[in-house]
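Below you'll find the structure, written out as structure tokens, and then a few comments.
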Amino acid sequence: MVDKELLDILCCPETKQDLTLLDQKKVEKINEAIAQGKLKNKIGEVIKEPVDGALLREDKKFFYVIREDIPIMLPDEAISFDAFDA
């Protein structure tokens, strides 16, 4: 998983907001949506690969995925958190 020291210095590349690691239950919901072909990133591309984790932006509008312990921090790759904020 993402190193605590790295998490402390990471921020949203678009808004510079802090990021927090999502809990495993939310990650499982994200992976379910991916398996069903229902999840798209900011530019409308369908997400096809499951994620290992996710970093949620402070305003809880978008999150960035983590694959193989690497956060994918590209603004176009951000995914709306609306469907998971329950």
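Ligands are numbered from 1 in the order shown, residues from 1 within each chain, and chains are lettered A, B, ... in the order they appear in the structure tokens.
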message: Using DSSP assignments from the backbone, pull out every residue in chain A that falls under strand (DSSP E) and give it to me as a ChimeraX atom specification.
response: /A:19-21,53-57,62-67,70-71,79-80
Let me see the file: selected residues, N, CA and C atoms, as a short mmCIF file (atom, residue, chain, number, x, y, z; two decimals), in the first residue's frame.
```
data_model
loop_
_atom_site.label_atom_id
_atom_site.label_comp_id
_atom_site.auth_asym_id
_atom_site.auth_seq_id
_atom_site.Cartn_x
_atom_site.Cartn_y
_atom_site.Cartn_z
N LEU A 19 -5.26 14.52 0.17
CA LEU A 19 -5.87 13.25 -0.22
C LEU A 19 -5.86 12.30 0.96
N THR A 20 -6.89 11.47 1.05
CA THR A 20 -6.93 10.45 2.09
C THR A 20 -7.17 9.09 1.44
N LEU A 21 -6.64 8.07 2.08
CA LEU A 21 -6.77 6.71 1.58
C LEU A 21 -8.18 6.20 1.88
N GLY A 53 -6.33 0.30 -4.45
CA GLY A 53 -6.70 1.30 -3.46
C GLY A 53 -7.12 2.57 -4.18
N ALA A 54 -7.44 3.60 -3.38
CA ALA A 54 -7.84 4.87 -3.97
C ALA A 54 -7.56 6.01 -3.00
N LEU A 55 -7.25 7.16 -3.54
CA LEU A 55 -7.00 8.37 -2.76
C LEU A 55 -8.11 9.37 -3.05
N LEU A 56 -8.82 9.74 -2.00
CA LEU A 56 -9.96 10.64 -2.12
C LEU A 56 -9.54 12.08 -1.88
N ARG A 57 -9.98 12.96 -2.77
CA ARG A 57 -9.71 14.38 -2.63
C ARG A 57 -10.47 14.93 -1.43
N PHE A 62 -13.74 13.76 -6.18
CA PHE A 62 -13.01 12.86 -7.07
C PHE A 62 -12.00 12.04 -6.28
N PHE A 63 -11.64 10.89 -6.86
CA PHE A 63 -10.57 10.08 -6.28
C PHE A 63 -9.63 9.61 -7.39
N TYR A 64 -8.43 9.25 -6.97
CA TYR A 64 -7.39 8.74 -7.85
C TYR A 64 -7.11 7.30 -7.46
N VAL A 65 -6.95 6.43 -8.45
CA VAL A 65 -6.74 5.02 -8.17
C VAL A 65 -5.28 4.72 -7.84
N ILE A 66 -5.11 3.59 -7.15
CA ILE A 66 -3.78 3.08 -6.84
C ILE A 66 -3.70 1.69 -7.45
N ARG A 67 -2.67 1.47 -8.25
CA ARG A 67 -2.41 0.15 -8.84
C ARG A 67 -0.97 -0.24 -8.56
N ILE A 70 1.15 2.18 -6.75
CA ILE A 70 1.48 3.44 -7.42
C ILE A 70 0.20 4.25 -7.62
N PRO A 71 0.12 5.45 -7.00
CA PRO A 71 -1.03 6.32 -7.23
C PRO A 71 -0.99 6.89 -8.65
N ILE A 79 -11.69 10.03 -10.90
CA ILE A 79 -13.01 9.41 -11.02
C ILE A 79 -13.95 10.06 -10.01
N SER A 80 -15.15 10.35 -10.44
CA SER A 80 -16.14 10.96 -9.56
C SER A 80 -16.46 10.03 -8.38
#
```
message: Among chain A, which ones does DSSP assign to helix (DSSP H, G or I) (computed from the backbone)? Answer as a list in words.
response: Lys4, Glu5, Leu6, Leu7, Asp8, Ile9, Gln24, Lys25, Lys26, Val27, Glu28, Lys29, Ile30, Asn31, Glu32, Ala33, Ile34, Ala35, Pro75, Asp76, Glu77, Asp82, Ala83 and Phe84 of chain A
- request: Show which residues sit within 10 Å of stretch 44-50 of chain A, as JSON, numbers by chain. Count only C-alpha atoms, and ignore same-chain residues fewer than 2 positions away.
  value: {"A": [27, 28, 30, 31, 32, 33, 34, 35, 36, 37, 38, 39, 40, 41, 42, 52, 53, 65, 66, 67, 76, 77, 79]}
Output file for the selection above: N, CA and C atoms, as a PDB file, in the first residue's frame:
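To be explicit, this is the file written out as out.pdb:
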```pdb
ATOM      1  N   VAL A  27     -13.183   0.544  -1.634  1.00  0.00           N
ATOM      2  CA  VAL A  27     -12.374   0.007  -2.733  1.00  0.00           C
ATOM      3  C   VAL A  27     -13.085  -1.194  -3.358  1.00  0.00           C
ATOM      4  N   GLU A  28     -13.694  -2.026  -2.528  1.00  0.00           N
ATOM      5  CA  GLU A  28     -14.449  -3.175  -3.045  1.00  0.00           C
ATOM      6  C   GLU A  28     -15.642  -2.715  -3.885  1.00  0.00           C
ATOM      7  N   ILE A  30     -15.824   0.091  -5.532  1.00  0.00           N
ATOM      8  CA  ILE A  30     -15.230   0.625  -6.765  1.00  0.00           C
ATOM      9  C   ILE A  30     -14.926  -0.523  -7.717  1.00  0.00           C
ATOM     10  N   ASN A  31     -14.323  -1.592  -7.212  1.00  0.00           N
ATOM     11  CA  ASN A  31     -13.988  -2.735  -8.060  1.00  0.00           C
ATOM     12  C   ASN A  31     -15.232  -3.444  -8.584  1.00  0.00           C
ATOM     13  N   GLU A  32     -16.302  -3.451  -7.814  1.00  0.00           N
ATOM     14  CA  GLU A  32     -17.571  -4.008  -8.304  1.00  0.00           C
ATOM     15  C   GLU A  32     -18.085  -3.195  -9.493  1.00  0.00           C
ATOM     16  N   ALA A  33     -18.027  -1.870  -9.370  1.00  0.00           N
ATOM     17  CA  ALA A  33     -18.473  -0.995 -10.458  1.00  0.00           C
ATOM     18  C   ALA A  33     -17.600  -1.182 -11.703  1.00  0.00           C
ATOM     19  N   ILE A  34     -16.305  -1.381 -11.493  1.00  0.00           N
ATOM     20  CA  ILE A  34     -15.395  -1.631 -12.612  1.00  0.00           C
ATOM     21  C   ILE A  34     -15.767  -2.942 -13.296  1.00  0.00           C
ATOM     22  N   ALA A  35     -16.014  -3.986 -12.517  1.00  0.00           N
ATOM     23  CA  ALA A  35     -16.365  -5.303 -13.067  1.00  0.00           C
ATOM     24  C   ALA A  35     -17.659  -5.235 -13.878  1.00  0.00           C
ATOM     25  N   GLN A  36     -18.564  -4.353 -13.487  1.00  0.00           N
ATOM     26  CA  GLN A  36     -19.837  -4.201 -14.190  1.00  0.00           C
ATOM     27  C   GLN A  36     -19.735  -3.233 -15.375  1.00  0.00           C
ATOM     28  N   GLY A  37     -18.556  -2.650 -15.575  1.00  0.00           N
ATOM     29  CA  GLY A  37     -18.362  -1.711 -16.685  1.00  0.00           C
ATOM     30  C   GLY A  37     -19.055  -0.382 -16.490  1.00  0.00           C
ATOM     31  N   LYS A  38     -19.298  -0.009 -15.234  1.00  0.00           N
ATOM     32  CA  LYS A  38     -20.064   1.206 -14.924  1.00  0.00           C
ATOM     33  C   LYS A  38     -19.210   2.405 -14.524  1.00  0.00           C
ATOM     34  N   LEU A  39     -17.909   2.231 -14.421  1.00  0.00           N
ATOM     35  CA  LEU A  39     -17.076   3.308 -13.898  1.00  0.00           C
ATOM     36  C   LEU A  39     -16.271   3.970 -15.004  1.00  0.00           C
ATOM     37  N   LYS A  40     -16.351   5.307 -15.042  1.00  0.00           N
ATOM     38  CA  LYS A  40     -15.608   6.088 -16.043  1.00  0.00           C
ATOM     39  C   LYS A  40     -14.782   7.152 -15.342  1.00  0.00           C
ATOM     40  N   ASN A  41     -13.677   7.521 -16.003  1.00  0.00           N
ATOM     41  CA  ASN A  41     -12.858   8.601 -15.459  1.00  0.00           C
ATOM     42  C   ASN A  41     -13.399   9.950 -15.948  1.00  0.00           C
ATOM     43  N   LYS A  42     -12.690  11.017 -15.602  1.00  0.00           N
ATOM     44  CA  LYS A  42     -13.131  12.378 -15.913  1.00  0.00           C
ATOM     45  C   LYS A  42     -13.365  12.628 -17.402  1.00  0.00           C
ATOM     46  N   ASP A  52      -6.137  -1.381  -6.533  1.00  0.00           N
ATOM     47  CA  ASP A  52      -5.649  -1.877  -5.250  1.00  0.00           C
ATOM     48  C   ASP A  52      -6.066  -0.950  -4.113  1.00  0.00           C
ATOM     49  N   GLY A  53      -6.329   0.299  -4.452  1.00  0.00           N
ATOM     50  CA  GLY A  53      -6.704   1.303  -3.462  1.00  0.00           C
ATOM     51  C   GLY A  53      -7.117   2.568  -4.178  1.00  0.00           C
ATOM     52  N   VAL A  65      -6.947   6.433  -8.451  1.00  0.00           N
ATOM     53  CA  VAL A  65      -6.740   5.020  -8.169  1.00  0.00           C
ATOM     54  C   VAL A  65      -5.281   4.721  -7.838  1.00  0.00           C
ATOM     55  N   ILE A  66      -5.107   3.595  -7.152  1.00  0.00           N
ATOM     56  CA  ILE A  66      -3.775   3.081  -6.839  1.00  0.00           C
ATOM     57  C   ILE A  66      -3.701   1.690  -7.447  1.00  0.00           C
ATOM     58  N   ARG A  67      -2.666   1.467  -8.247  1.00  0.00           N
ATOM     59  CA  ARG A  67      -2.414   0.149  -8.839  1.00  0.00           C
ATOM     60  C   ARG A  67      -0.972  -0.238  -8.562  1.00  0.00           C
ATOM     61  N   ASP A  76      -6.956  13.843 -15.672  1.00  0.00           N
ATOM     62  CA  ASP A  76      -7.926  13.188 -16.556  1.00  0.00           C
ATOM     63  C   ASP A  76      -8.321  11.795 -16.066  1.00  0.00           C
ATOM     64  N   GLU A  77      -7.493  11.178 -15.212  1.00  0.00           N
ATOM     65  CA  GLU A  77      -7.751   9.841 -14.688  1.00  0.00           C
ATOM     66  C   GLU A  77      -8.592   9.855 -13.412  1.00  0.00           C
ATOM     67  N   ILE A  79     -11.688  10.032 -10.897  1.00  0.00           N
ATOM     68  CA  ILE A  79     -13.006   9.413 -11.020  1.00  0.00           C
ATOM     69  C   ILE A  79     -13.946  10.064 -10.008  1.00  0.00           C
TER      70      ILE A  79
END
```
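With only C-alpha atoms as the basis for measurement, A:Leu22 is the residue among A:Ile72, A:Val51, A:Ile43, A:Leu22 that approaches A:Phe84 most closely.
Nearest to A:Asp85 of all the residues A:Asp59, A:Glu14, A:Asp8, A:Asp3 is A:Asp59, counting only C-alpha atoms.
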statement: Nearest to A:Leu6, restricted to only C-alpha atoms and choosing among A:Asp82, A:Asp69, A:Glu58, A:Asp23, comes out as A:Asp69
